[in-house]
Every structure is written in structure tokens, then in C-alpha cells.
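*Asks:* The following block contains the structure, expressed as C-alpha cells.
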Amino acid sequence: MAAPEDAPRMGDPQQPQHPQHRLMQFTNCRLVRGHRLVQDDLWVRDGRIVDPEPIFFDEQAKAHTRIDCGNAIIAPGYLDLQINGGYGVDFSYDTDTIEEGVAKVARGLITNGVTSFCPTLVTSPNDSYHTILPRIPREVERGAGILGIHAEGPFINPQKKGAHPENCIQTIEKGLSTLEDTYGSLERIKIVTLAPEKVSDPEVIGQLVERGITVSLGHSMASLGDGERAVQQGASLITHLFNAMLPFHHRDPGLVGLLASDAVPPGRTVYFGIIADGVHTHPAALRIAYRTHPQGLILVTDAISALGLEEGVHHIGQLPLEVKQGRAFIAGTETLCGSIAPMDECVRIFHKATGCSVVYAIEAATLHPAQCLKIEKRKGTLDFGSDADFILLDDDLRVLSTWIAGDCVHNK
């Protein structure tokens, strides 16, 4: 990728912020736009993607900087709605270095094309939530953006606890006040994963949704009927489909059955996270999910502290974990406890396993998570007016560079 001499070098992470109103033009590229690859230029100003026509005709302005992208694909930056940590950091465990830990992960994720994420806390003691939640930064300089926290637990079913400590699992005894007491505050929370069969108060899910919180169903023994009732109350996401839930059965397909349920309210989409790391979900299961309900599929990493590290013993929340032969287990067991595959690898694995289009594989990590969180007007697309968070990819879907608010924050 070449740029004129007066343009900032794409590979220089120390380049200064662009002056206000500076207009950038990315040329010789293919844009992911309108569910297809379009040969067109990308225009950026003031941290947003802009429509060039009024700039040409009304302002009669030209680009201050033109960057030749070498026929690369320009896609929205990846969004990861479920990530427990990485690069030696565990969001639920490292309570003494919360700010530094989140910043380290945010700066590591940009190398994988992730421009925004939800730091995820597994089931923990109340004191841990009270300590961690207020200290998670709202933004990290030259790092991936923080969309809000994903609280995965503690209101889950102990029979499907996975890597969650059973002694910290709770039930919702007093409606919404139980959640407020547990987390200390709901202000920073964007997603709550809970087991719907453990929710006795039918108003709780709706109350969370009214506060702008996405309710996700997971770590659960729920029947299809339990899941359908939760969706009718406002739940809109399933946490890591196929994992930590009842397996599909033809008489009661459980939460998996929501992908084909006729009880979902009209106009509503049930989204589901799925881990395409080559370990958690068999390629045939990926294909079944994709072909059954493609509009709801969201790629998540469910990455743990061992992301980016070598084999050995690490932590997930309160439990020790061991990475061996490319897989992460609760130490001393054969229980999987999270992924160590970065998002760009998940996109490539999913694309190969399902035979889907390049654009669909990208949208499963961009548009779909943005739609699930109702932030698609500013994240997850290259539409005019959206944030200029984007990545350049080669034809093998490998990340060439990462841009946030129009600034290059990573270059291969």
C-alpha cells in the first residue's frame, strides 16, 4: 500500500491526530457495503465516514490525504461481544491492575482487527463486581473501544456452569434489586447472560432491556419453552450457542431451537454468539447454525487470558486454567473454559467451514453484533455517518492495518 509523500505513513503508530476537518481518501480498495464488495473510495473526516458528494459540490473541497490501499478489502472493524481477557490479563481475576489490564487487552486486540469489545466478567463474588465494574475504563488511547461490560453470570444454572465457580452462582430472589446488589450498579453493563429457567420474576428481563441492557440466554438447562418466554419478555441473544446448554433433542430442542422458533415476536431477531475457534464448535455445527438462522449469527471469541500466550497455567476468574495442545481447560480436568483464537482467525475458520461469502463472514463479526446491541448507526458498517473504525484485509482475510476514528493504530 503506497501513499504520497505528504500523507502520514500507515505503519507509523505515533503519527499525530488528524487536524479537525482534515479529509482523507482511501483509494484502490474494495468496500464491504450493502452486503457486497464494492469497488469505491472511502472518505473520512473528523473520525467519521463521510459522503463525498456534498463535499465536492457544496464545499468544492479535495482530499488533504490520499492513501492507495493496493486493492485491499476495507471492512468495518470487528466487534467482540464476549472476551474474558487476553495477553496474560483476566478481567475477572486481576483486581489490582484493572485499568492497566483492560488497556493491555484493548491495545492487543487491534492487531486482530477488533476495534470495539465488551470486556466479559465470568461468575464472581459480589465484592469482585463492586471492585472491577467502576474501574473498567470507558476508553483506551490507541486501543479498541469499550462498548460496555458483558456480565456472564452469576445468575446461571450450576448444572451448566462450565468454567464458572459454583459457590458464586446466585438466583434472582428480589427482582431487579438483586442484580443491582450483586453488580453494585448496572450503569456500565451492556449484556447480561442468565439462565431463563432460573428467573422467577417475569418482569426482570423487560426491566433490563428498558435500561438498554441486552439480555442473553446461556449456561442453562432451559427448554425451548423457557427460551421462548424469555425472548417474548425481551431477551435477544444466546450466549455461545451449543456450549453450556442442553444439546439439541428432537422433542425439545432447548435454546438451540430458538433459531427456528415460530414463537419469536414478529420483527424481532434472536441473535446468537458462536465460537468458531476450531475447538468449541464442530464445523458441521457451524454449518447447521449458519444455514438455519444466518441473520442472527455473531462470531465471538470467548477468549481468555491465555490469548496471545504460550502453553501453561493461567486463570479464568476464580479458577486456574491450563493451555495444552492449543486448547484451554480448567486445570486438572478436560472441561473447556474459553478460547485462545483471536477474532480474525475465527472469521477465517468460519469462512472456510461454512463456505459462506467473504462479506457474510465479515458481517458476522461486524454488522450482526452491532445490530444486536442496536448500535449499527455508528458501528459495524461503512455507511456514511458511522464511526471511522475499519480494517484493511487481504484476500485471505488477514489484517493489514487497523484504523480507529480515522487514525491508523496498527499496521502489519
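FYI, nothing fancy with the C-alpha cells labels: chains A, B, ... in order, residues from 1 per chain, ligands from 1 as they appear.
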Any chance you could tabulate, as JSON lines, the residues of range 71-140 of chain A at most 8 Å from range 293-314 of chain A with each one's nearest atom pair and distance in Å to one decimal, using only C-alpha atoms, in chain and rising number order?
*Replies:*
{"residue": "A:Asp80", "atom": "CA", "partner": "A:Val300", "partner_atom": "CA", "distance": 5.5}
{"residue": "A:Leu81", "atom": "CA", "partner": "A:Val300", "partner_atom": "CA", "distance": 6.2}
{"residue": "A:Gln82", "atom": "CA", "partner": "A:Asp302", "partner_atom": "CA", "distance": 5.0}
{"residue": "A:Ile83", "atom": "CA", "partner": "A:Asp302", "partner_atom": "CA", "distance": 4.6}
{"residue": "A:Asn84", "atom": "CA", "partner": "A:Ile304", "partner_atom": "CA", "distance": 4.9}
{"residue": "A:Gly85", "atom": "CA", "partner": "A:Ser305", "partner_atom": "CA", "distance": 4.6}
{"residue": "A:Gly86", "atom": "CA", "partner": "A:Ser305", "partner_atom": "CA", "distance": 3.8}
{"residue": "A:Tyr87", "atom": "CA", "partner": "A:Gly308", "partner_atom": "CA", "distance": 5.2}
{"residue": "A:Gly88", "atom": "CA", "partner": "A:Ser305", "partner_atom": "CA", "distance": 4.7}
{"residue": "A:Val89", "atom": "CA", "partner": "A:Ser305", "partner_atom": "CA", "distance": 4.9}
{"residue": "A:Asp90", "atom": "CA", "partner": "A:Ser305", "partner_atom": "CA", "distance": 5.0}
*Asks:* Go ahead and dump the residues you just picked, N, CA and C atoms, as an mmCIF file, in the first residue's frame.
*Replies:*
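The new file selection.cif reads:
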data_model
loop_
_atom_site.group_PDB
_atom_site.id
_atom_site.type_symbol
_atom_site.label_atom_id
_atom_site.label_comp_id
_atom_site.auth_asym_id
_atom_site.auth_seq_id
_atom_site.Cartn_x
_atom_site.Cartn_y
_atom_site.Cartn_z
ATOM 1 N N ASP A 80 -16.229 -7.600 19.300
ATOM 2 C CA ASP A 80 -16.235 -8.846 20.078
ATOM 3 C C ASP A 80 -17.086 -8.636 21.326
ATOM 4 N N LEU A 81 -18.235 -9.327 21.369
ATOM 5 C CA LEU A 81 -19.182 -9.148 22.470
ATOM 6 C C LEU A 81 -18.902 -10.058 23.656
ATOM 7 N N GLN A 82 -17.931 -10.959 23.520
ATOM 8 C CA GLN A 82 -17.634 -11.872 24.631
ATOM 9 C C GLN A 82 -16.149 -12.199 24.645
ATOM 10 N N ILE A 83 -15.429 -11.549 25.545
ATOM 11 C CA ILE A 83 -13.993 -11.786 25.683
ATOM 12 C C ILE A 83 -13.618 -11.593 27.148
ATOM 13 N N ASN A 84 -13.056 -12.634 27.736
ATOM 14 C CA ASN A 84 -12.756 -12.657 29.171
ATOM 15 C C ASN A 84 -11.409 -12.039 29.521
ATOM 16 N N GLY A 85 -10.579 -11.818 28.516
ATOM 17 C CA GLY A 85 -9.254 -11.264 28.748
ATOM 18 C C GLY A 85 -8.332 -11.641 27.610
ATOM 19 N N GLY A 86 -7.039 -11.572 27.873
ATOM 20 C CA GLY A 86 -6.048 -11.916 26.864
ATOM 21 C C GLY A 86 -4.699 -11.351 27.238
ATOM 22 N N TYR A 87 -3.646 -11.877 26.612
ATOM 23 C CA TYR A 87 -2.294 -11.356 26.794
ATOM 24 C C TYR A 87 -1.866 -11.370 28.259
ATOM 25 N N GLY A 88 -2.329 -12.420 28.977
ATOM 26 C CA GLY A 88 -1.984 -12.570 30.385
ATOM 27 C C GLY A 88 -2.919 -11.857 31.342
ATOM 28 N N VAL A 89 -3.939 -11.195 30.824
ATOM 29 C CA VAL A 89 -4.876 -10.426 31.655
ATOM 30 C C VAL A 89 -6.206 -11.164 31.751
ATOM 31 N N ASP A 90 -6.752 -11.272 32.958
ATOM 32 C CA ASP A 90 -8.093 -11.825 33.181
ATOM 33 C C ASP A 90 -8.943 -10.741 33.826
#
*Asks:* So that I can check the surroundings of range 222-229 of chain A, please list as a PyMOL selection string every protein, DNA and RNA residue that reaches within 6 Å of it, counting only C-alpha atoms and ignoring chain neighbours fewer than 3 positions away.
*Replies:* chain A and resi 197+232+254-255
*Asks:* For a quick check of understanding, using only C-alpha atoms, which of A:Val32, A:Ala284, A:Ala263, A:Ala361 has the smallest distance to Gln233 in chain A?
*Replies:*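 Closest residue, counting only C-alpha atoms: A:Ala263.
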*Asks:* Which is closest to Ile149 in chain A among A:Ile136, A:Leu237, A:Ala341, A:Cys346, if we use only C-alpha atoms?
*Replies:*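 Residue with the minimum atom-to-atom distance to Ile149 in chain A: A:Ile136.
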*Asks:* Which one is closest to Asn157 in chain A: A:Thr115, A:Thr120, A:Thr178, A:Ser220? Count only C-alpha atoms.
*Replies:*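 With only C-alpha atoms as the atom set, the closest residue is A:Ser220.
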*Asks:* Where does DSSP see strand (DSSP E) in range 45-293 of chain A, if you list the residues as a VMD selection string?
*Replies:* chain A and resid 45 48 to 49 65 to 76 78 to 83 85 to 86 89 to 90 114 to 122 145 to 146 149 to 152 189 to 194 214 to 217 237 to 238 271 to 275
*Asks:* Please compute the CA of Arg135 in chain A-CA of Tyr93 in chain A distance, one decimal, in Å.
*Replies:* 13.3 Å
*Asks:* Give me, as number ranges by chain, all polymer residues having an atom no more than 12 Å from Phe272 in chain A, counting only C-alpha atoms and skipping those fewer than 2 positions away in the same chain.
*Replies:* A: 81-82, 193, 214-218, 235-243, 255-259, 269-270, 274-275, 286, 289-290, 292-300, 364-365, 368-369, 371-372
*Asks:* Between CA of Asp387 in chain A and CA of Ile49 in chain A, measure the distance and give it in Å to one decimal.
*Replies:*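 It comes out at 6.2 Å.
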*Asks:* From the list A:Ile132, A:Leu23, A:Leu397, A:Val50, which residue is nearest Gly184 in chain A when using only C-alpha atoms?
*Replies:*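 Comparing A:Ile132, A:Leu23, A:Leu397, A:Val50 against Gly184 in chain A, the winner is A:Ile132.
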*Asks:* Which value, in Å to one decimal, gives the distance between CA of Ile189 in chain A and CA of Thr97 in chain A?
*Replies:*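 Computed distance, CA of Ile189 in chain A to CA of Thr97 in chain A, equals 19.8 Å.
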*Asks:* Which is closest to Pro265 in chain A among A:Asp96, A:Val231, A:Ile349, A:Gln170, if we use only C-alpha atoms?
*Replies:*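 Result for the nearest residue to Pro265 in chain A: A:Val231.
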*Asks:* Check the smallest atom-to-atom distance from each of A:Thr27, A:Ser116, A:Thr281, A:Thr65 to Asp389 in chain A using only C-alpha atoms, then report the winner.
*Replies:*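 Checking each of A:Thr27, A:Ser116, A:Thr281, A:Thr65 against Asp389 in chain A, counting only C-alpha atoms, the winner is A:Ser116.
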